[in-house]
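Have a look at entry14.tsv below; it lists TSV, C-alpha atoms and all ligand atoms.
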```tsv
chain	number	residue	atom	x	y	z
E	1	MET	CA	-103.14	-113.31	6.24
E	2	LYS	CA	-104.29	-111.13	3.42
E	3	ASN	CA	-105.29	-108.44	5.92
E	4	ALA	CA	-101.90	-108.58	7.65
E	5	SER	CA	-100.19	-108.17	4.31
E	6	VAL	CA	-102.28	-105.16	3.47
E	7	VAL	CA	-101.57	-103.61	6.86
E	8	LEU	CA	-97.82	-104.13	6.49
E	9	LEU	CA	-97.74	-102.66	3.02
E	10	ARG	CA	-99.72	-99.65	4.21
E	11	PHE	CA	-97.20	-99.11	7.01
E	12	ILE	CA	-94.37	-99.22	4.49
E	13	LEU	CA	-95.93	-97.15	1.75
E	14	THR	CA	-97.55	-94.33	3.69
E	15	PRO	CA	-94.42	-92.36	4.60
E	16	LEU	CA	-92.88	-92.86	1.17
E	17	SER	CA	-95.84	-91.12	-0.36
E	18	LEU	CA	-94.75	-88.03	1.59
E	19	TYR	CA	-91.20	-87.94	0.28
E	20	PRO	CA	-90.37	-85.65	-2.64
E	21	LEU	CA	-89.11	-87.79	-5.52
E	22	ALA	CA	-86.17	-86.42	-7.48
E	23	ALA	CA	-85.92	-87.54	-11.09
E	24	SER	CA	-83.12	-90.03	-11.70
E	25	PRO	CA	-82.33	-92.42	-14.54
E	26	HIS	CA	-82.83	-95.32	-12.18
E	27	SER	CA	-85.46	-94.01	-9.82
E	28	PRO	CA	-89.03	-95.28	-9.77
E	29	ASP	CA	-90.64	-92.53	-11.86
E	30	THR	CA	-94.13	-92.95	-10.53
E	31	MET	CA	-95.65	-93.89	-7.23
E	32	ALA	CA	-97.10	-96.98	-8.90
E	33	GLU	CA	-93.62	-98.11	-9.91
E	34	GLN	CA	-92.34	-97.36	-6.44
E	35	ARG	CA	-95.04	-99.57	-5.00
E	36	TYR	CA	-94.03	-102.30	-7.41
E	37	CYS	CA	-90.42	-101.98	-6.17
E	38	LEU	CA	-91.48	-102.44	-2.58
E	39	GLY	CA	-93.84	-105.24	-3.43
E	40	SER	CA	-91.02	-107.15	-5.06
E	41	ALA	CA	-88.85	-106.72	-1.99
E	42	ILE	CA	-91.34	-108.29	0.38
E	43	ALA	CA	-92.82	-111.75	0.33
E	44	MET	CA	-96.21	-112.34	1.80
E	45	ALA	CA	-95.98	-115.98	2.87
E	46	PRO	CA	-96.15	-116.44	6.65
E	47	THR	CA	-94.61	-119.45	8.40
E	48	ILE	CA	-96.00	-121.37	11.37
E	49	ALA	CA	-93.14	-120.21	13.60
E	50	ASN	CA	-93.39	-116.62	12.46
E	51	PRO	CA	-96.84	-115.17	11.80
E	52	PHE	CA	-95.38	-112.14	10.03
E	53	PRO	CA	-94.72	-111.94	6.32
E	54	THR	CA	-91.38	-113.42	5.29
E	55	ILE	CA	-88.93	-110.65	4.46
E	56	HIS	CA	-87.34	-111.28	1.08
E	57	LEU	CA	-84.35	-109.11	1.85
E	58	LEU	CA	-83.27	-111.65	4.47
E	59	LYS	CA	-81.75	-114.97	3.47
E	60	THR	CA	-82.79	-116.88	6.57
E	61	PRO	CA	-85.38	-116.36	9.30
E	62	THR	CA	-84.31	-115.95	12.91
E	63	ARG	CA	-83.43	-119.23	14.63
E	64	ASP	CA	-86.12	-120.62	16.94
E	65	SER	CA	-83.99	-120.30	20.08
E	66	TRP	CA	-83.54	-116.52	19.79
E	67	VAL	CA	-86.92	-115.53	21.24
E	68	GLY	CA	-86.36	-117.57	24.40
E	69	GLU	CA	-82.87	-116.13	24.80
E	70	ALA	CA	-84.19	-112.59	24.41
E	71	LEU	CA	-87.18	-113.00	26.73
E	72	ALA	CA	-84.89	-114.47	29.42
E	73	ASP	CA	-83.26	-111.05	29.86
E	74	LEU	CA	-85.57	-108.31	28.65
E	75	ASP	CA	-83.63	-105.61	30.51
E	76	ILE	CA	-80.50	-106.41	28.50
E	77	ILE	CA	-82.52	-106.62	25.28
E	78	LEU	CA	-83.96	-103.17	25.99
E	79	LEU	CA	-80.50	-101.78	26.77
E	80	ASP	CA	-79.09	-103.26	23.56
E	81	HIS	CA	-82.14	-101.96	21.70
E	82	SER	CA	-81.36	-98.46	22.96
E	83	HIS	CA	-77.88	-98.71	21.43
E	84	CYS	CA	-79.40	-100.00	18.17
E	85	GLU	CA	-81.77	-97.04	17.87
E	86	ARG	CA	-78.99	-94.52	18.53
E	87	LYS	CA	-76.78	-96.24	15.94
E	88	ALA	CA	-79.65	-96.27	13.41
E	89	ALA	CA	-80.05	-92.50	13.81
E	90	GLY	CA	-76.28	-92.16	13.38
E	91	VAL	CA	-76.29	-94.20	10.17
E	92	ALA	CA	-78.96	-91.95	8.64
E	93	MET	CA	-77.10	-88.80	9.75
E	94	ASN	CA	-73.76	-90.07	8.44
E	95	LEU	CA	-75.25	-90.79	5.01
E	96	MET	CA	-76.68	-87.27	4.87
E	97	PHE	CA	-73.25	-85.84	5.69
E	98	ARG	CA	-71.58	-88.04	3.10
E	99	TYR	CA	-74.07	-87.40	0.28
E	100	PRO	CA	-75.44	-83.88	0.91
E	101	SER	CA	-76.34	-83.28	-2.75
E	102	SER	CA	-78.35	-86.50	-3.14
E	103	GLU	CA	-81.66	-84.78	-2.55
E	104	LYS	CA	-83.98	-87.73	-2.28
E	105	LEU	CA	-81.58	-89.45	0.11
E	106	VAL	CA	-81.44	-86.34	2.29
E	107	TYR	CA	-85.23	-85.92	2.38
E	108	VAL	CA	-85.85	-89.58	3.23
E	109	LEU	CA	-83.07	-89.91	5.79
E	110	THR	CA	-83.99	-86.68	7.56
E	111	ASP	CA	-87.28	-88.32	8.49
E	112	ILE	CA	-85.66	-91.64	9.39
E	113	ALA	CA	-83.01	-90.00	11.60
E	114	GLN	CA	-85.71	-88.13	13.50
E	115	GLU	CA	-87.79	-91.26	13.89
E	116	GLU	CA	-84.82	-93.31	15.14
E	117	LEU	CA	-83.99	-90.65	17.71
E	118	SER	CA	-87.61	-90.77	18.84
E	119	HIS	CA	-87.31	-94.55	19.19
E	120	PHE	CA	-84.09	-94.04	21.15
E	121	ALA	CA	-85.92	-91.75	23.58
E	122	GLN	CA	-88.84	-94.17	23.90
E	123	VAL	CA	-86.61	-97.17	24.63
E	124	ASN	CA	-84.69	-95.11	27.17
E	125	HIS	CA	-87.98	-94.25	28.84
E	126	TRP	CA	-88.71	-97.97	29.19
E	127	LEU	CA	-85.25	-98.47	30.68
E	128	ALA	CA	-85.84	-95.67	33.19
E	129	GLN	CA	-89.20	-97.16	34.17
E	130	ARG	CA	-87.46	-100.48	34.86
E	131	ARG	CA	-84.62	-98.70	36.69
E	132	VAL	CA	-82.05	-99.98	34.21
E	133	PRO	CA	-79.22	-97.42	33.95
E	134	LEU	CA	-77.81	-96.52	30.55
E	135	ARG	CA	-74.41	-98.08	30.06
E	136	GLN	CA	-72.10	-99.49	27.43
E	137	LEU	CA	-72.79	-103.04	26.31
E	138	PRO	CA	-70.43	-105.28	24.35
E	139	ALA	CA	-71.75	-105.49	20.80
E	140	PRO	CA	-72.18	-108.74	18.88
E	141	PRO	CA	-70.10	-109.08	15.68
E	142	TYR	CA	-73.14	-108.30	13.50
E	143	GLY	CA	-72.78	-104.55	12.90
E	144	ALA	CA	-69.01	-104.52	12.52
E	145	GLY	CA	-69.16	-107.59	10.29
E	146	LEU	CA	-71.63	-105.90	7.96
E	147	SER	CA	-69.65	-102.65	7.97
E	148	ARG	CA	-66.58	-104.55	6.77
E	149	GLN	CA	-68.57	-105.53	3.66
E	150	VAL	CA	-68.95	-101.89	2.61
E	151	ARG	CA	-66.49	-101.19	-0.18
E	152	LYS	CA	-64.24	-98.15	0.14
E	153	GLY	CA	-64.57	-96.48	-3.28
E	154	GLU	CA	-67.58	-94.66	-4.71
E	155	PRO	CA	-70.17	-95.32	-5.97
E	156	GLU	CA	-69.89	-98.83	-4.50
E	157	ARG	CA	-69.64	-97.42	-1.00
E	158	MET	CA	-73.00	-95.70	-1.36
E	159	LEU	CA	-74.73	-98.80	-2.72
E	160	ASP	CA	-73.30	-101.05	0.00
E	161	SER	CA	-74.13	-98.57	2.77
E	162	LEU	CA	-77.76	-98.33	1.67
E	163	LEU	CA	-78.14	-102.09	1.36
E	164	VAL	CA	-76.45	-102.84	4.69
E	165	ALA	CA	-78.79	-100.33	6.32
E	166	ALA	CA	-81.76	-102.00	4.59
E	167	LEU	CA	-80.70	-105.42	5.87
E	168	ILE	CA	-80.21	-104.21	9.44
E	169	GLU	CA	-83.60	-102.50	9.39
E	170	ALA	CA	-85.21	-105.62	7.93
E	171	ARG	CA	-83.70	-107.81	10.64
E	172	SER	CA	-84.75	-105.31	13.31
E	173	HIS	CA	-88.27	-105.40	11.91
E	174	GLU	CA	-88.30	-109.20	12.10
E	175	ARG	CA	-86.88	-109.38	15.62
E	176	LEU	CA	-89.11	-106.66	17.05
E	177	GLY	CA	-92.03	-108.51	15.49
E	178	LEU	CA	-90.99	-111.68	17.30
E	179	LEU	CA	-90.74	-109.77	20.57
E	180	ALA	CA	-94.14	-108.20	19.91
E	181	SER	CA	-95.80	-111.57	19.52
E	182	HIS	CA	-93.99	-113.40	22.33
E	183	CYS	CA	-93.30	-110.81	25.03
E	184	PRO	CA	-95.37	-111.70	28.13
E	185	GLU	CA	-95.65	-108.04	29.19
E	186	ALA	CA	-98.61	-106.66	27.23
E	187	LYS	CA	-97.57	-103.00	27.23
E	188	LEU	CA	-94.02	-103.80	26.22
E	189	ALA	CA	-95.33	-106.13	23.49
E	190	ALA	CA	-97.49	-103.29	22.18
E	191	PHE	CA	-94.46	-101.01	22.17
E	192	TYR	CA	-92.49	-103.54	20.13
E	193	ARG	CA	-95.42	-103.82	17.73
E	194	SER	CA	-95.39	-100.07	17.14
E	195	LEU	CA	-91.64	-100.02	16.46
E	196	MET	CA	-91.84	-103.05	14.22
E	197	ALA	CA	-94.01	-101.11	11.79
E	198	SER	CA	-91.48	-98.27	11.68
E	199	GLU	CA	-88.56	-100.58	10.96
E	200	ALA	CA	-90.54	-102.09	8.08
E	201	ARG	CA	-90.91	-98.62	6.58
E	202	HIS	CA	-87.21	-97.99	7.09
E	203	TYR	CA	-85.97	-101.07	5.26
E	204	GLY	CA	-88.34	-100.31	2.43
E	205	ALA	CA	-87.05	-96.74	2.26
E	206	TYR	CA	-83.37	-97.81	2.16
E	207	TRP	CA	-84.16	-100.32	-0.58
E	208	VAL	CA	-85.99	-97.71	-2.63
E	209	LEU	CA	-83.05	-95.32	-2.19
E	210	ALA	CA	-80.66	-98.00	-3.46
E	211	THR	CA	-82.81	-98.50	-6.57
E	212	THR	CA	-83.04	-94.74	-7.02
E	213	TYR	CA	-79.30	-94.28	-7.44
E	214	PHE	CA	-78.34	-97.67	-8.90
E	215	ASP	CA	-79.52	-100.05	-11.58
E	216	ARG	CA	-82.11	-102.52	-10.28
E	217	ASP	CA	-80.12	-105.59	-11.39
E	218	LEU	CA	-76.95	-104.27	-9.74
E	219	VAL	CA	-78.88	-103.72	-6.51
E	220	ALA	CA	-80.33	-107.22	-6.61
E	221	THR	CA	-76.93	-108.84	-7.22
E	222	ARG	CA	-75.18	-106.96	-4.42
E	223	LEU	CA	-78.09	-107.50	-2.06
E	224	GLU	CA	-77.78	-111.24	-2.62
E	225	ASP	CA	-74.13	-111.17	-1.45
E	226	LEU	CA	-74.75	-108.92	1.54
E	227	ALA	CA	-77.84	-110.83	2.67
E	228	ARG	CA	-75.84	-114.05	2.70
E	229	VAL	CA	-73.19	-112.44	4.92
E	230	GLU	CA	-75.92	-111.02	7.17
E	231	SER	CA	-77.31	-114.50	7.80
E	232	GLU	CA	-73.84	-115.95	8.32
E	233	LEU	CA	-73.09	-113.32	10.98
E	234	LEU	CA	-76.24	-114.25	12.88
E	235	ALA	CA	-75.28	-117.93	12.75
E	236	MET	CA	-72.14	-117.14	14.76
E	237	PRO	CA	-72.73	-117.98	18.44
E	238	TYR	CA	-72.77	-115.03	20.83
E	239	PRO	CA	-72.83	-115.60	24.59
E	240	ALA	CA	-75.41	-112.95	25.52
E	241	PRO	CA	-78.82	-111.93	24.19
E	242	ARG	CA	-78.84	-109.08	21.73
E	243	ILE	CA	-81.27	-107.69	19.16
E	244	HIS	CA	-78.81	-108.77	16.46
E	245	SER	CA	-77.27	-111.93	17.95
E	301	FE	FE	-85.90	-97.55	15.09
E	302	FE	FE	-85.15	-98.17	11.83
```

Re-express the file's structure as structure tokens.
Amino acid sequence: MKNASVVLLRFILTPLSLYPLAASPHSPDTMAEQRYCLGSAIAMAPTIANPFPTIHLLKTPTRDSWVGEALADLDIILLDHSHCERKAAGVAMNLMFRYPSSEKLVYVLTDIAQEELSHFAQVNHWLAQRRVPLRQLPAPPYGAGLSRQVRKGEPERMLDSLLVAALIEARSHERLGLLASHCPEAKLAAFYRSLMASEARHYGAYWVLATTYFDRDLVATRLEDLARVESELLAMPYPAPRIHS
């Protein structure tokens, strides 16, 4: 387990070491402090059901039945995944438009937006290989439910947006990890494994951004509220398999 923890942390920390760090009253001033921030956001205790490290951002792990539901219709899961990657790129782009003078945010999200678009292209390639046409898909209440939690006024809107993005990325990381370890198609499982590492970096990056612009205690308190809502949304039954159902 120790090795898996080290691997996960390396995945998360490597890209952050490339980002320019702007000075801020609340930002981690040194790389060592930044690593401490990330370390405190991630637990390292695996469970029997889930061999991956427990993600502290999330209140509850995915229910046992989800993997079976997802594997029963991998084409739909891939199609929904395509929408998720496009939306993730859009979230990063929207934040850059909204906060163009927040330099660290812009640097970090430029990389994330590019990476999400690359994921979008890769998932679409899988869909093409399986002859699944791109099309609209009804979305589960997850994304809209989390968006409703984002407060309208600033600076609360910025804090909530970063934390909602962190939670979605963390859940994506968890779910892609489950698909990676249970998918019966070896190449597709390997693909999920590669994306899972990226999503881990992304949720770490959003969390670090939140602690860059906001007091650490304020971030922790708001994260507690939003994480509870995130788990409640996933407890709502949805009649079709989705990445976030
Ligand atoms: Fe992605
Ligand atoms: Fe992501």

Suppose you want the space between CA of Ile76 (chain E) and CA of Ala180 (chain E); what is it in Å?
-> 16.2 Å

Residues within 8 Å of ligand FE 302 (chain E) should be enumerated using all atoms listed in the file and returned as a list in words.
-> Glu85, Ala88, Ala89, Ile112, Glu115, Glu116, Glu169, Ser172, His173, Ser198, Glu199, Ala200, Arg201, His202 and Tyr203 of chain E

Hey, can you check how far CA of Thr62 (chain E) sits from CA of Gly90 (chain E)?
-> 25.1 Å

So that each row is one residue of region 163-227 of chain E with an atom at most 9 Å from region 128-149 of chain E, can you give its shortest atom pair and the distance in Å to one decimal, using only C-alpha atoms, rows by chain and rising number, as a tab-separated table?
```
residue	atom	partner	partner_atom	distance
E:Val164	CA	E:Leu146	CA	6.6
E:Ile168	CA	E:Gly143	CA	8.2
E:Leu226	CA	E:Gln149	CA	7.4
```

Ala227 (chain E) proximity check over E:Leu109, E:Ala121, E:Ala165, E:Leu95, using only C-alpha atoms: winner is E:Ala165

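For the set E:Thr221, E:Ser82, E:Ser65, E:Ser181, the residue with the smallest atom-to-atom gap to ligand FE 301 (chain E) is E:Ser82, counting all atoms listed in the file.
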
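Counting from CA of Phe214 (chain E), the distance to CA of Gln114 (chain E) is 25.4 Å.
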
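Distances here use only C-alpha atoms; by that measure, the residue among E:Leu78, E:Lys87, E:Met158, E:Ala240 closest to Ala113 (chain E) is E:Lys87.
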